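Asker: Before we start, here is the structure in question, set down as structure tokens.
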Amino acid sequence: MTDDEIHEYLIKHNWAVNSHEFISIMNESPQIERTEYNSQNDILIVYTHDHVFSCKWVLNEIKE
């Protein structure tokens with residue numbers, strides 16, 4: 001997934017991602033250099049060469 005596709009995905013999911021689904025996305029995105037997880041507020045920060053994304057990391061199913 002490109003940076004633009006990651007951005008669109010996060011917008012579509014209101015910046016909250018299911019952990020199992022997003023792990024697959026990260027594995028398909030070689031430009032991701034590193035990630036950081038803040039367990040106090042469940043925020044995942046994703047670093048690529050050109051961007052930094054942050055989102056709510058949901059460890060169970062998201063209720064829509």
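A note on labels: chains of the structure tokens are A, B, ... as shown, every chain counts residues from 1, and ligands are counted from 1 in their shown order.
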Can you check which residues of stretch 3-62 of chain A DSSP gives as helix (DSSP H, G or I) on the backbone and send them as a list in words?
Answerer: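 Selecting the helix (DSSP H, G or I) positions of stretch 3-62 of chain A gives Asp3, Asp4, Glu5, Ile6, His7, Glu8, Tyr9, Leu10, Ile11, Lys12, Ser19, His20, Glu21, Phe22, Ile23, Ser24, Ile25, Met26 and Asn27 of chain A.
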Asker: Please produce a file of the residues just selected, as a compact mmCIF listing (two decimals), in the first residue's frame, where the atoms kept are all heavy atoms.
Answerer:
```
# COMPACT_ATOMS: atom_id res chain seq x y z
N ASP A 3 1.68 5.42 0.51
CA ASP A 3 1.31 6.38 1.55
C ASP A 3 -0.08 6.96 1.29
O ASP A 3 -0.87 7.11 2.22
CB ASP A 3 2.34 7.51 1.61
CG ASP A 3 3.61 7.11 2.32
OD1 ASP A 3 3.81 5.90 2.58
OD2 ASP A 3 4.41 8.01 2.63
N ASP A 4 -0.36 7.29 0.05
CA ASP A 4 -1.69 7.83 -0.28
C ASP A 4 -2.79 6.83 0.03
O ASP A 4 -3.86 7.21 0.53
CB ASP A 4 -1.76 8.24 -1.75
CG ASP A 4 -0.96 9.50 -2.05
OD1 ASP A 4 -0.67 10.27 -1.10
OD2 ASP A 4 -0.62 9.70 -3.22
N GLU A 5 -2.55 5.56 -0.25
CA GLU A 5 -3.55 4.53 0.03
C GLU A 5 -3.73 4.33 1.54
O GLU A 5 -4.85 4.13 2.02
CB GLU A 5 -3.15 3.21 -0.63
CG GLU A 5 -3.26 3.25 -2.14
CD GLU A 5 -2.62 2.05 -2.81
OE1 GLU A 5 -1.61 1.52 -2.30
OE2 GLU A 5 -3.15 1.64 -3.87
N ILE A 6 -2.63 4.39 2.29
CA ILE A 6 -2.74 4.31 3.74
C ILE A 6 -3.56 5.47 4.27
O ILE A 6 -4.45 5.31 5.10
CB ILE A 6 -1.34 4.29 4.40
CG1 ILE A 6 -0.62 2.98 4.06
CG2 ILE A 6 -1.44 4.48 5.91
CD1 ILE A 6 0.84 2.96 4.47
N HIS A 7 -3.29 6.65 3.76
CA HIS A 7 -4.03 7.85 4.18
C HIS A 7 -5.52 7.70 3.90
O HIS A 7 -6.36 7.98 4.75
CB HIS A 7 -3.45 9.09 3.49
CG HIS A 7 -4.03 10.36 3.97
ND1 HIS A 7 -4.64 11.24 3.11
CD2 HIS A 7 -4.10 10.90 5.21
CE1 HIS A 7 -5.08 12.28 3.81
NE2 HIS A 7 -4.75 12.09 5.08
N GLU A 8 -5.85 7.26 2.70
CA GLU A 8 -7.26 7.05 2.34
C GLU A 8 -7.91 5.99 3.23
O GLU A 8 -9.06 6.13 3.65
CB GLU A 8 -7.39 6.65 0.87
CG GLU A 8 -7.11 7.79 -0.09
CD GLU A 8 -8.07 8.96 0.07
OE1 GLU A 8 -9.28 8.73 0.22
OE2 GLU A 8 -7.58 10.11 0.08
N TYR A 9 -7.18 4.92 3.52
CA TYR A 9 -7.69 3.87 4.39
C TYR A 9 -8.01 4.44 5.78
O TYR A 9 -9.07 4.16 6.36
CB TYR A 9 -6.66 2.74 4.51
CG TYR A 9 -7.06 1.66 5.46
CD1 TYR A 9 -7.79 0.55 5.03
CD2 TYR A 9 -6.72 1.72 6.81
CE1 TYR A 9 -8.16 -0.45 5.90
CE2 TYR A 9 -7.08 0.73 7.69
CZ TYR A 9 -7.81 -0.36 7.23
OH TYR A 9 -8.18 -1.33 8.11
N LEU A 10 -7.10 5.23 6.32
CA LEU A 10 -7.32 5.81 7.64
C LEU A 10 -8.50 6.76 7.65
O LEU A 10 -9.31 6.76 8.59
CB LEU A 10 -6.05 6.51 8.12
CG LEU A 10 -4.87 5.58 8.41
CD1 LEU A 10 -3.61 6.40 8.68
CD2 LEU A 10 -5.17 4.64 9.55
N ILE A 11 -8.64 7.56 6.61
CA ILE A 11 -9.80 8.45 6.52
C ILE A 11 -11.09 7.63 6.45
O ILE A 11 -12.05 7.92 7.18
CB ILE A 11 -9.67 9.38 5.29
CG1 ILE A 11 -8.56 10.39 5.51
CG2 ILE A 11 -11.00 10.07 4.99
CD1 ILE A 11 -8.20 11.20 4.28
N LYS A 12 -11.10 6.61 5.61
CA LYS A 12 -12.30 5.77 5.45
C LYS A 12 -12.70 5.12 6.77
O LYS A 12 -13.88 4.94 7.04
CB LYS A 12 -12.02 4.70 4.39
CG LYS A 12 -13.17 3.77 4.15
CD LYS A 12 -12.83 2.75 3.08
CE LYS A 12 -13.99 1.77 2.92
NZ LYS A 12 -13.66 0.74 1.94
N SER A 19 -6.62 -4.02 14.73
CA SER A 19 -5.21 -4.43 14.78
C SER A 19 -4.89 -5.57 13.81
O SER A 19 -3.88 -5.53 13.11
CB SER A 19 -4.82 -4.82 16.20
OG SER A 19 -5.65 -5.87 16.67
N HIS A 20 -5.75 -6.58 13.73
CA HIS A 20 -5.48 -7.72 12.85
C HIS A 20 -5.48 -7.30 11.38
O HIS A 20 -4.62 -7.73 10.61
CB HIS A 20 -6.51 -8.82 13.07
CG HIS A 20 -6.48 -9.37 14.45
ND1 HIS A 20 -5.41 -10.10 14.93
CD2 HIS A 20 -7.35 -9.28 15.48
CE1 HIS A 20 -5.64 -10.44 16.18
NE2 HIS A 20 -6.81 -9.95 16.55
N GLU A 21 -6.42 -6.47 11.01
CA GLU A 21 -6.50 -6.02 9.61
C GLU A 21 -5.32 -5.12 9.25
O GLU A 21 -4.73 -5.24 8.19
CB GLU A 21 -7.82 -5.28 9.39
CG GLU A 21 -8.06 -4.86 7.98
CD GLU A 21 -9.41 -4.20 7.78
OE1 GLU A 21 -10.36 -4.54 8.51
OE2 GLU A 21 -9.50 -3.33 6.91
N PHE A 22 -4.97 -4.23 10.16
CA PHE A 22 -3.93 -3.27 9.83
C PHE A 22 -2.54 -3.90 9.81
O PHE A 22 -1.65 -3.43 9.10
CB PHE A 22 -3.98 -2.06 10.78
CG PHE A 22 -3.35 -0.83 10.19
CD1 PHE A 22 -3.92 -0.19 9.10
CD2 PHE A 22 -2.18 -0.32 10.72
CE1 PHE A 22 -3.34 0.94 8.54
CE2 PHE A 22 -1.58 0.81 10.17
CZ PHE A 22 -2.16 1.44 9.08
N ILE A 23 -2.33 -4.97 10.56
CA ILE A 23 -1.05 -5.68 10.49
C ILE A 23 -0.80 -6.18 9.07
O ILE A 23 0.30 -6.09 8.54
CB ILE A 23 -0.99 -6.82 11.52
CG1 ILE A 23 -0.80 -6.24 12.92
CG2 ILE A 23 0.13 -7.80 11.19
CD1 ILE A 23 -0.92 -7.24 14.04
N SER A 24 -1.85 -6.69 8.43
CA SER A 24 -1.72 -7.14 7.04
C SER A 24 -1.33 -5.98 6.13
O SER A 24 -0.50 -6.13 5.24
CB SER A 24 -3.03 -7.76 6.56
OG SER A 24 -3.31 -8.92 7.28
N ILE A 25 -1.93 -4.84 6.35
CA ILE A 25 -1.62 -3.66 5.53
C ILE A 25 -0.17 -3.25 5.75
O ILE A 25 0.55 -2.96 4.79
CB ILE A 25 -2.59 -2.51 5.87
CG1 ILE A 25 -3.99 -2.86 5.35
CG2 ILE A 25 -2.09 -1.19 5.29
CD1 ILE A 25 -5.07 -1.94 5.82
N MET A 26 0.28 -3.26 6.98
CA MET A 26 1.67 -2.89 7.25
C MET A 26 2.64 -3.87 6.59
O MET A 26 3.68 -3.47 6.08
CB MET A 26 1.92 -2.82 8.76
CG MET A 26 1.24 -1.63 9.39
SD MET A 26 1.75 -1.33 11.10
CE MET A 26 1.23 -2.82 11.91
N ASN A 27 2.29 -5.14 6.58
CA ASN A 27 3.15 -6.14 5.95
C ASN A 27 3.23 -5.96 4.44
O ASN A 27 4.19 -6.40 3.81
CB ASN A 27 2.67 -7.55 6.29
CG ASN A 27 2.95 -7.92 7.72
OD1 ASN A 27 3.83 -7.36 8.36
ND2 ASN A 27 2.17 -8.85 8.24
```
Asker: Go through A:Tyr37, A:Lys56, A:His51, A:Ile43 and flag the residue nearest A:Asn18, using only C-alpha atoms for the distances.
Answerer: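 Of all the options, A:Lys56 lies closest to A:Asn18.
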Asker: Counting only C-alpha atoms, which of A:His13, A:Cys55, A:Asn60, A:His49 gets nearest to A:Glu36?
Answerer: A:Cys55
Asker: At what distance in Å, to one decimal, does atom CA of A:Met1 lie from atom CA of A:Trp57?
Answerer: 18.3 Å
Asker: Any idea what's packed within 9 Å of A:Thr48, counting only C-alpha atoms, ignoring anything in its chain fewer than 5 positions away? Could you give it as a PDB file with C-alpha atoms, in the first residue's frame?
Answerer:
```
ATOM      1  CA  ASP A   3       1.314   6.382   1.548  1.00  0.00           C
ATOM      2  CA  PRO A  30       7.494  -1.811   2.407  1.00  0.00           C
ATOM      3  CA  GLN A  31       7.887   1.952   2.768  1.00  0.00           C
ATOM      4  CA  ILE A  32       6.884   1.740   6.454  1.00  0.00           C
ATOM      5  CA  GLU A  33      10.124   2.308   8.307  1.00  0.00           C
ATOM      6  CA  ARG A  34       8.897   1.798  11.850  1.00  0.00           C
ATOM      7  CA  THR A  35       5.898   1.935  14.138  1.00  0.00           C
ATOM      8  CA  PHE A  53       0.449   8.663  10.399  1.00  0.00           C
TER       9      PHE A  53
END
```
